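Asks: I'd like to ask some things about the structure below.
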Amino acid sequence: MGRLKESGASEMRPVRRARIAVAAVFAVHGAVTGNFATRIPWVQERLDLSAGQLGLALAFPAIGASVAMPLAGRISHRFGARAALRGLLALWTAWLVMPPLAPGLVWLCGALLIFGATAGMSDVAMNALGVEIENRLGRSIMSGLHGMWSVGALTGSAAGTVAAHAEADARLHLAIAAGVLTVLGAVACHWVLDLRSAPEEHPPPRFALPPRSALIIGAVGFCAVFAEGASLDWSAVYLRDALDTSPGVAAACTTVFSCTMAGARLVGDAVVGRFGPVRTVRTGGVLATAGGILVVAASGPALAIAGFGLIGLGIAVVVPLAFAAAGRSGPAPSQAIAGVATITYTSGLIAPAAMGSIADLTSLTISFCLVTTLTLGLVAGAGVLRTPAGTDATGSAPHSDPSTSRATLS
């Protein structure tokens with residue numbers, strides 16, 4: 001019996017090590033987003049873009065992600081999960097240098113299109129590895145992994161806040177960040193699971209239509225991702241333009257938003273285990289709605305920053321729970337998850353342009369009225385994330401068997 005226990009511990013050691021590695025990958029991925037988000041006002045000012053023009057440009061990352069995401073599965077199928085993630089993550093981190101170098105709006109849109117494509121493909125690859133590790137460990141870890149993404153975004157936005165406060169040139173700041181994050185990402189990828197498809201397994205489809213069972217789940221994810229994208233891309237601009245704050249204070253707002261997202265996601269698995277996904281998301285929707293009201297009503301930066309913090313806290317665990325619910329929603333879990341991913345990325349596509357267009361026609365304050373309305377959708381739609389009988393409160397099977405995976409571990 002002792003030998004069996006020792007053998008089991010030995011077999012799980014690479015999986016636990018891979019969990020740490022993929023968590024580091026999530027953090028690196030988030031740090032790219034955090035660094036770039038805090039320098040969006042710099043790019044807007046340098047190119048003299050209106051709110052509508054900036055909104056148009058910020059739609060291109062989601063366009064690139066939506067178009068390129070299906071290719072990630074095929075790349076992993078051909079090269080293996082480790083090599084695919086290593087290459088895709090390096091493309092994402094290195095491309096951080098390009099957007100601030102754009103000489104005009106058209107070039108910025110092109111740079112952000114590729115920026116989003118590399119982001120989306122690496123996002124799919126690292127989430128697939130996270131799901132596989134979760135299955136092998138037999139317990140929920142996805143909220144924690146997304147929490148590490150938020151930690152990375154927080155760290156990146158903190159670095160961006162310092163750079164913005166020092167009035168550093170974003171081209172130099174983002175070039176340094178790209179170099180550091182590319183190295184860190186390559187080191188982390190060395191320890192992730194090297195999953196390979198069985199020789200007889202067909203490549204995944206290029207596009208998966210969401211099955212009917214996943215549409216409402218995707219709608220809940222849509223609301224959360226819209227609020228997240230709007231807050232991440234527009235919070236600094238909102239404080240600078242609507243409330244006339246300094247660039248440093250405006251960038252700090254993005255940091256606060258990222259901080260509350262990170263904290264909530266890191267404890268999310270425990271909270272969902274205690275209260276269940278429905279109560280957790282419903283309460284989060286109430287908090288996010290209250291935050292949106294604070295943002296819209298704020299006459300100074302303190303209330304607005306508190307509002308963005310509440311939005312981050314309220315929406316933090318929705319997307320991990322939406323993916324988990326999609327996997328339980330029908331006979332084809334992978335198609336359901338792909339469908340929910342398509343819907344949520346569509347939300348990321350719509351959010352920047354919608355915010356900018358509404359701001360051009362009315363004001364940024366009215367734009368955030370839309371965000372506040374959508375967070376109410378989390379309260380109304382939380383019931384679709386209900387955990388069925390036979391799974392634990394997080395949605396994971398209580399006795400997952402790692403040996404059921406067809407993937408191989410190198």
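Ligands are numbered from 1 in the order shown, residues from 1 within each chain, and chains are lettered A, B, ... in the order they appear in the structure tokens.
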Tell me which protein, DNA and RNA residues are within 10 Å of stretch 344-361 of chain A, counting only C-alpha atoms, leaving out same-chain ones fewer than 3 positions away, and put them as a CSV table (one decimal) with N, CA and C atoms, in the first residue's frame.
Replies:
chain,number,residue,atom,x,y,z
A,50,SER,N,-10.2,60.6,-31.8
A,50,SER,CA,-11.4,60.9,-31.1
A,50,SER,C,-11.8,59.6,-30.3
A,51,ALA,N,-12.8,59.7,-29.5
A,51,ALA,CA,-13.3,58.6,-28.7
A,51,ALA,C,-13.8,57.5,-29.7
A,52,GLY,N,-14.5,57.9,-30.8
A,52,GLY,CA,-15.0,57.0,-31.8
A,52,GLY,C,-13.9,56.3,-32.5
A,53,GLN,N,-12.8,57.0,-32.9
A,53,GLN,CA,-11.7,56.4,-33.6
A,53,GLN,C,-11.0,55.4,-32.7
A,54,LEU,N,-10.8,55.8,-31.4
A,54,LEU,CA,-10.2,54.9,-30.4
A,54,LEU,C,-11.0,53.6,-30.2
A,55,GLY,N,-12.3,53.8,-30.1
A,55,GLY,CA,-13.2,52.7,-30.0
A,55,GLY,C,-13.1,51.7,-31.2
A,56,LEU,N,-13.0,52.3,-32.4
A,56,LEU,CA,-12.8,51.5,-33.6
A,56,LEU,C,-11.5,50.7,-33.5
A,57,ALA,N,-10.4,51.3,-33.2
A,57,ALA,CA,-9.2,50.7,-33.1
A,57,ALA,C,-9.2,49.6,-32.0
A,58,LEU,N,-9.8,49.8,-30.9
A,58,LEU,CA,-9.9,48.8,-29.8
A,58,LEU,C,-10.8,47.6,-30.1
A,59,ALA,N,-11.5,47.7,-31.2
A,59,ALA,CA,-12.3,46.6,-31.6
A,59,ALA,C,-11.5,45.6,-32.4
A,60,PHE,N,-10.4,46.0,-32.9
A,60,PHE,CA,-9.6,45.1,-33.8
A,60,PHE,C,-8.9,43.9,-33.0
A,61,PRO,N,-8.5,44.1,-31.7
A,61,PRO,CA,-7.9,42.9,-31.0
A,61,PRO,C,-9.0,41.8,-30.9
A,62,ALA,N,-10.2,42.2,-30.7
A,62,ALA,CA,-11.3,41.1,-30.5
A,62,ALA,C,-11.6,40.5,-31.9
A,63,ILE,N,-11.5,41.3,-33.0
A,63,ILE,CA,-11.7,40.8,-34.3
A,63,ILE,C,-10.6,39.7,-34.6
A,64,GLY,N,-9.4,40.1,-34.3
A,64,GLY,CA,-8.2,39.2,-34.6
A,64,GLY,C,-8.4,37.9,-33.8
A,65,ALA,N,-8.8,38.1,-32.5
A,65,ALA,CA,-8.9,36.9,-31.6
A,65,ALA,C,-10.0,36.0,-32.1
A,66,SER,N,-11.2,36.6,-32.5
A,66,SER,CA,-12.3,35.8,-32.9
A,66,SER,C,-12.0,35.0,-34.2
A,67,VAL,N,-11.2,35.6,-35.1
A,67,VAL,CA,-10.9,34.9,-36.4
A,67,VAL,C,-9.8,33.9,-36.2
A,69,MET,N,-8.8,32.3,-33.2
A,69,MET,CA,-8.9,31.3,-32.1
A,69,MET,C,-9.1,29.9,-32.6
A,120,GLY,N,-5.6,35.7,-28.7
A,120,GLY,CA,-6.7,34.8,-28.7
A,120,GLY,C,-6.2,33.3,-28.8
A,217,ILE,N,-25.9,30.4,-21.5
A,217,ILE,CA,-24.6,30.5,-20.7
A,217,ILE,C,-23.7,31.5,-21.4
A,218,GLY,N,-23.7,31.5,-22.7
A,218,GLY,CA,-22.8,32.5,-23.4
A,218,GLY,C,-23.3,33.9,-23.2
A,219,ALA,N,-24.6,34.1,-23.1
A,219,ALA,CA,-25.2,35.4,-22.8
A,219,ALA,C,-24.7,36.0,-21.5
A,220,VAL,N,-24.6,35.1,-20.5
A,220,VAL,CA,-24.1,35.5,-19.1
A,220,VAL,C,-22.7,35.9,-19.3
A,221,GLY,N,-21.9,35.1,-20.0
A,221,GLY,CA,-20.5,35.4,-20.2
A,221,GLY,C,-20.3,36.7,-21.0
A,222,PHE,N,-21.2,36.9,-21.9
A,222,PHE,CA,-21.2,38.1,-22.8
A,222,PHE,C,-21.3,39.4,-21.9
A,223,CYS,N,-22.2,39.4,-20.9
A,223,CYS,CA,-22.4,40.5,-20.0
A,223,CYS,C,-21.2,40.8,-19.2
A,224,ALA,N,-20.5,39.7,-18.7
A,224,ALA,CA,-19.3,39.9,-17.9
A,224,ALA,C,-18.2,40.4,-18.7
A,225,VAL,N,-18.0,39.8,-19.9
A,225,VAL,CA,-16.8,40.2,-20.7
A,225,VAL,C,-17.0,41.6,-21.2
A,226,PHE,N,-18.2,42.0,-21.5
A,226,PHE,CA,-18.5,43.4,-22.0
A,226,PHE,C,-18.1,44.4,-20.9
A,227,ALA,N,-18.5,44.1,-19.6
A,227,ALA,CA,-18.2,45.0,-18.5
A,227,ALA,C,-16.7,45.0,-18.3
A,228,GLU,N,-16.0,43.8,-18.4
A,228,GLU,CA,-14.6,43.7,-18.2
A,228,GLU,C,-13.8,44.5,-19.3
A,229,GLY,N,-14.2,44.3,-20.5
A,229,GLY,CA,-13.5,45.0,-21.6
A,229,GLY,C,-13.7,46.5,-21.6
A,230,ALA,N,-14.9,46.9,-21.3
A,230,ALA,CA,-15.2,48.3,-21.2
A,230,ALA,C,-14.4,49.0,-20.1
A,231,SER,N,-14.3,48.3,-18.9
A,231,SER,CA,-13.6,48.9,-17.8
A,231,SER,C,-12.1,48.9,-18.0
A,232,LEU,N,-11.6,47.8,-18.6
A,232,LEU,CA,-10.2,47.7,-18.8
A,232,LEU,C,-9.7,48.7,-19.8
A,233,ASP,N,-10.4,48.8,-20.9
A,233,ASP,CA,-10.0,49.7,-22.0
A,233,ASP,C,-10.4,51.2,-21.8
A,234,TRP,N,-11.4,51.5,-21.0
A,234,TRP,CA,-12.0,52.8,-21.0
A,234,TRP,C,-11.9,53.5,-19.6
A,319,VAL,N,-16.7,34.3,-16.0
A,319,VAL,CA,-16.2,33.6,-17.2
A,319,VAL,C,-15.7,32.2,-16.9
A,322,ALA,N,-18.7,30.1,-16.5
A,322,ALA,CA,-19.5,29.9,-17.7
A,322,ALA,C,-18.8,28.8,-18.5
A,338,ALA,N,-16.4,25.9,-27.0
A,338,ALA,CA,-16.0,26.7,-28.1
A,338,ALA,C,-17.1,27.7,-28.4
A,339,GLY,N,-18.4,27.3,-28.3
A,339,GLY,CA,-19.4,28.2,-28.6
A,339,GLY,C,-19.5,29.4,-27.6
A,340,VAL,N,-19.3,29.1,-26.3
A,340,VAL,CA,-19.3,30.1,-25.3
A,340,VAL,C,-18.1,31.0,-25.5
A,341,ALA,N,-17.0,30.5,-25.9
A,341,ALA,CA,-15.8,31.3,-26.2
A,341,ALA,C,-16.1,32.2,-27.3
A,364,LEU,N,-19.1,59.6,-22.4
A,364,LEU,CA,-18.6,58.4,-21.8
A,364,LEU,C,-19.5,57.9,-20.6
A,365,THR,N,-20.1,58.9,-19.9
A,365,THR,CA,-21.0,58.6,-18.8
A,365,THR,C,-22.1,57.7,-19.2
A,366,ILE,N,-22.7,58.1,-20.4
A,366,ILE,CA,-23.9,57.3,-20.9
A,366,ILE,C,-23.4,55.9,-21.3
A,367,SER,N,-22.1,55.9,-21.8
A,367,SER,CA,-21.6,54.6,-22.2
A,367,SER,C,-21.5,53.6,-21.0
A,368,PHE,N,-21.2,54.1,-19.9
A,368,PHE,CA,-21.1,53.3,-18.7
A,368,PHE,C,-22.5,53.0,-18.1
A,370,LEU,N,-24.7,51.8,-20.1
A,370,LEU,CA,-24.9,50.5,-20.8
A,370,LEU,C,-24.2,49.4,-20.0
A,371,VAL,N,-23.0,49.6,-19.5
A,371,VAL,CA,-22.3,48.6,-18.7
A,371,VAL,C,-23.1,48.2,-17.5
Asks: Using only C-alpha atoms, which residues sit within 7 Å of stretch 28-37 of chain A once same-chain residues fewer than 4 positions away are excluded, as a list in words?
Replies: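 Here the answer would be Ala24, Thr93, Leu96, Trp149, Ser150, Gly152, Ala153, Leu154, Thr155, Gly156, Ser157, Ala159, Gly160, Leu181, Gly185, Leu232 and Asp233 of chain A.
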Asks: Could you tell me which of A:Gly300, A:Gly291, A:Gly377, A:Gly276 comes closest to A:Leu239 if we count only C-alpha atoms?
Replies: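 When distances to A:Leu239 are compared using only C-alpha atoms, the smallest one comes from A:Gly300.
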Asks: Which residues are near A:Ile133? Cut-off 10 Å, only C-alpha atoms, ignore same chain within fewer than 5 positions. Put them as an MDAnalysis selection string.
Replies: chainID A and resid 15:16 18:19 22 127:128 138:142 192:193 402
Asks: May I have all residues of stretch 89-296 of chain A that DSSP, computed from the backbone, assigns to alpha helix (DSSP H), given as a ChimeraX atom specification?
Replies: /A:89-94,105-137,142-165,170-189,212-241,247-266,268-275,277-296
Asks: Name the residues in contact with A:Leu287 at a cut-off of 12 Å, using only C-alpha atoms, excluding same-chain residues fewer than 3 positions from it; report them as a ChimeraX atom specification.
Replies: /A:260,280-284,290-294,306-316,372,375-376,378-379
Asks: Might you pull out every residue within 12 Å of A:Gly87, with only C-alpha atoms counted and same-chain residues fewer than 5 positions away left off, and present them as a ChimeraX atom specification?
Replies: /A:72,75-76,79-82,92-94,118-119,121-122,125-126,182-183,185-186,189-190
Asks: Could the residues in this selection be saved with N, CA and C atoms as a short mmCIF file (atom, residue, chain, number, x, y, z; two decimals), in the first residue's frame?
Replies:
data_model
loop_
_atom_site.label_atom_id
_atom_site.label_comp_id
_atom_site.auth_asym_id
_atom_site.auth_seq_id
_atom_site.Cartn_x
_atom_site.Cartn_y
_atom_site.Cartn_z
N ALA A 72 -5.90 27.75 -33.02
CA ALA A 72 -5.08 27.30 -31.90
C ALA A 72 -5.19 25.79 -31.71
N ILE A 75 -3.13 24.08 -34.36
CA ILE A 75 -1.70 24.22 -34.11
C ILE A 75 -1.27 23.25 -33.00
N SER A 76 -2.06 23.17 -31.94
CA SER A 76 -1.75 22.24 -30.86
C SER A 76 -1.82 20.79 -31.34
N PHE A 79 1.55 20.31 -33.48
CA PHE A 79 2.87 20.47 -32.85
C PHE A 79 2.92 20.01 -31.40
N GLY A 80 1.77 19.72 -30.81
CA GLY A 80 1.74 19.40 -29.39
C GLY A 80 1.47 20.65 -28.57
N ALA A 81 0.86 20.46 -27.40
CA ALA A 81 0.39 21.59 -26.61
C ALA A 81 1.53 22.48 -26.12
N ARG A 82 2.65 21.87 -25.70
CA ARG A 82 3.75 22.67 -25.14
C ARG A 82 4.39 23.55 -26.20
N TRP A 92 2.58 36.72 -28.86
CA TRP A 92 1.73 37.68 -28.13
C TRP A 92 2.56 38.67 -27.33
N THR A 93 3.55 38.16 -26.59
CA THR A 93 4.35 39.05 -25.75
C THR A 93 5.23 39.97 -26.60
N ALA A 94 5.82 39.43 -27.67
CA ALA A 94 6.72 40.24 -28.49
C ALA A 94 5.97 41.32 -29.26
N THR A 118 -2.85 36.93 -31.82
CA THR A 118 -1.89 36.19 -31.01
C THR A 118 -2.40 36.02 -29.58
N ALA A 119 -3.12 37.03 -29.08
CA ALA A 119 -3.71 36.93 -27.74
C ALA A 119 -4.73 35.81 -27.68
N MET A 121 -5.21 33.13 -29.67
CA MET A 121 -4.69 31.77 -29.87
C MET A 121 -3.94 31.29 -28.64
N SER A 122 -3.12 32.15 -28.03
CA SER A 122 -2.41 31.73 -26.82
C SER A 122 -3.38 31.54 -25.66
N ALA A 125 -4.91 28.08 -26.04
CA ALA A 125 -3.93 27.04 -25.73
C ALA A 125 -3.72 26.91 -24.23
N MET A 126 -3.61 28.02 -23.52
CA MET A 126 -3.34 27.92 -22.07
C MET A 126 -4.58 27.48 -21.31
N THR A 182 8.54 38.09 -22.66
CA THR A 182 8.84 37.01 -23.61
C THR A 182 9.77 35.98 -22.97
N VAL A 183 10.77 36.46 -22.23
CA VAL A 183 11.68 35.54 -21.55
C VAL A 183 10.95 34.75 -20.46
N GLY A 185 7.78 34.06 -20.21
CA GLY A 185 6.85 33.13 -20.83
C GLY A 185 7.54 31.88 -21.36
N ALA A 186 8.71 32.06 -21.98
CA ALA A 186 9.44 30.91 -22.51
C ALA A 186 9.88 29.97 -21.39
N CYS A 189 6.77 28.02 -20.03
CA CYS A 189 6.26 27.01 -20.98
C CYS A 189 7.09 25.73 -20.96
N HIS A 190 8.32 25.80 -20.49
CA HIS A 190 9.16 24.61 -20.45
C HIS A 190 8.58 23.53 -19.54
#
Asks: Provide the atom CA of A:Ala83 to atom CA of A:Ala68 distance in Å, to one decimal place.
Replies: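 Calculated distance between atom CA of A:Ala83 and atom CA of A:Ala68 is 17.5 Å.
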Asks: Kindly indicate which residue among A:Asp241, A:Glu167, A:Asp269, A:Glu45 lies nearest to A:Leu105, using only C-alpha atoms for the distances.
Replies: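 For A:Leu105, the nearest of the given residues is A:Glu45.
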Asks: Closest to A:Thr161 among A:Met261, A:Val249, A:Cys369, A:Leu47, using only C-alpha atoms?
Replies: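 Between A:Met261, A:Val249, A:Cys369, A:Leu47, the residue approaching A:Thr161 most closely is A:Val249.
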Asks: Of the candidates A:Ala158, A:Val384, A:Val43, A:Ala117, which shows the shortest atom-to-atom distance to A:Ala324, using only C-alpha atoms?
Replies: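 Closest residue, counting only C-alpha atoms: A:Val384.
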Asks: Could you work out how far atom CA of A:Gln44 lies from atom CA of A:Cys259, giving the answer in Å with one decimal?
Replies: 24.3 Å
Asks: I'd like the interatomic distance between atom CA of A:Gly110 and atom CA of A:Pro247, to a tenth of an Å.
Replies: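 Interatomic distance, atom CA of A:Gly110 to atom CA of A:Pro247: 26.0 Å.
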Asks: Just want the 10 Å neighbourhood of A:Pro277, counted on only C-alpha atoms, with same-chain residues fewer than 5 positions away dropped. Output as a list in words.
Replies: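 Near A:Pro277, the qualifying residues are Gly268, Asp269, Val271, Val272, Arg282, Thr283, Val317, Val318, Leu321, Ala322, Ala325, Ala382, Gly383, Val384, Leu385, Arg386, Thr387, Ala393, Thr394 and Gly395 of chain A.
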Asks: With N, CA, C and O atoms retained, write the just-selected residues as a compact mmCIF listing (two decimals), in the first residue's frame.
Replies:
# COMPACT_ATOMS: atom_id res chain seq x y z
N GLY A 268 -11.85 32.64 -5.65
CA GLY A 268 -13.11 32.24 -6.29
C GLY A 268 -13.45 30.78 -6.13
O GLY A 268 -14.62 30.43 -5.90
N ASP A 269 -12.46 29.87 -6.25
CA ASP A 269 -12.75 28.45 -6.12
C ASP A 269 -13.32 28.13 -4.74
O ASP A 269 -14.26 27.34 -4.61
N VAL A 271 -14.88 30.27 -2.70
CA VAL A 271 -16.19 30.92 -2.54
C VAL A 271 -17.27 30.12 -3.25
O VAL A 271 -18.36 29.86 -2.70
N VAL A 272 -16.97 29.69 -4.47
CA VAL A 272 -17.95 28.91 -5.23
C VAL A 272 -18.20 27.57 -4.54
O VAL A 272 -19.33 27.08 -4.48
N ARG A 282 -24.84 35.67 -8.77
CA ARG A 282 -25.94 36.62 -8.51
C ARG A 282 -25.47 37.74 -7.58
O ARG A 282 -25.75 38.92 -7.82
N THR A 283 -24.75 37.39 -6.53
CA THR A 283 -24.21 38.40 -5.63
C THR A 283 -23.20 39.29 -6.35
O THR A 283 -23.18 40.51 -6.17
N VAL A 317 -15.49 36.01 -11.34
CA VAL A 317 -15.53 34.55 -11.51
C VAL A 317 -16.53 34.10 -12.57
O VAL A 317 -16.68 32.90 -12.80
N VAL A 318 -17.17 35.03 -13.24
CA VAL A 318 -18.25 34.66 -14.16
C VAL A 318 -17.73 33.84 -15.34
O VAL A 318 -18.29 32.79 -15.68
N LEU A 321 -16.72 30.20 -14.55
CA LEU A 321 -17.92 29.41 -14.27
C LEU A 321 -18.74 29.18 -15.53
O LEU A 321 -19.38 28.14 -15.68
N ALA A 322 -18.73 30.13 -16.45
CA ALA A 322 -19.45 29.94 -17.71
C ALA A 322 -18.84 28.82 -18.53
O ALA A 322 -19.55 27.99 -19.11
N ALA A 325 -19.80 25.56 -16.83
CA ALA A 325 -21.20 25.23 -17.09
C ALA A 325 -21.40 24.75 -18.53
O ALA A 325 -22.19 23.85 -18.79
N ALA A 382 -27.96 34.20 -13.70
CA ALA A 382 -27.08 33.34 -12.90
C ALA A 382 -27.58 31.91 -12.78
O ALA A 382 -26.79 30.97 -12.64
N GLY A 383 -28.89 31.71 -12.84
CA GLY A 383 -29.46 30.37 -12.67
C GLY A 383 -28.99 29.36 -13.69
O GLY A 383 -29.00 28.16 -13.40
N VAL A 384 -28.55 29.81 -14.88
CA VAL A 384 -28.11 28.84 -15.90
C VAL A 384 -26.78 28.22 -15.55
O VAL A 384 -26.38 27.23 -16.19
N LEU A 385 -26.10 28.74 -14.55
CA LEU A 385 -24.81 28.18 -14.13
C LEU A 385 -24.98 27.16 -13.02
O LEU A 385 -23.99 26.70 -12.45
N ARG A 386 -26.23 26.79 -12.73
CA ARG A 386 -26.50 25.85 -11.64
C ARG A 386 -25.77 24.53 -11.85
O ARG A 386 -25.73 23.99 -12.96
N THR A 387 -25.21 24.00 -10.76
CA THR A 387 -24.47 22.74 -10.81
C THR A 387 -25.43 21.56 -10.78
O THR A 387 -26.27 21.48 -9.89
N ALA A 393 -19.67 21.57 -5.83
CA ALA A 393 -20.18 22.93 -5.94
C ALA A 393 -19.47 23.76 -6.96
O ALA A 393 -19.99 24.74 -7.46
N THR A 394 -18.29 23.38 -7.32
CA THR A 394 -17.56 24.13 -8.34
C THR A 394 -17.86 23.62 -9.73
O THR A 394 -17.47 24.20 -10.72
N GLY A 395 -18.55 22.52 -9.82
CA GLY A 395 -18.87 21.97 -11.12
C GLY A 395 -17.95 20.87 -11.57
O GLY A 395 -18.11 20.32 -12.64
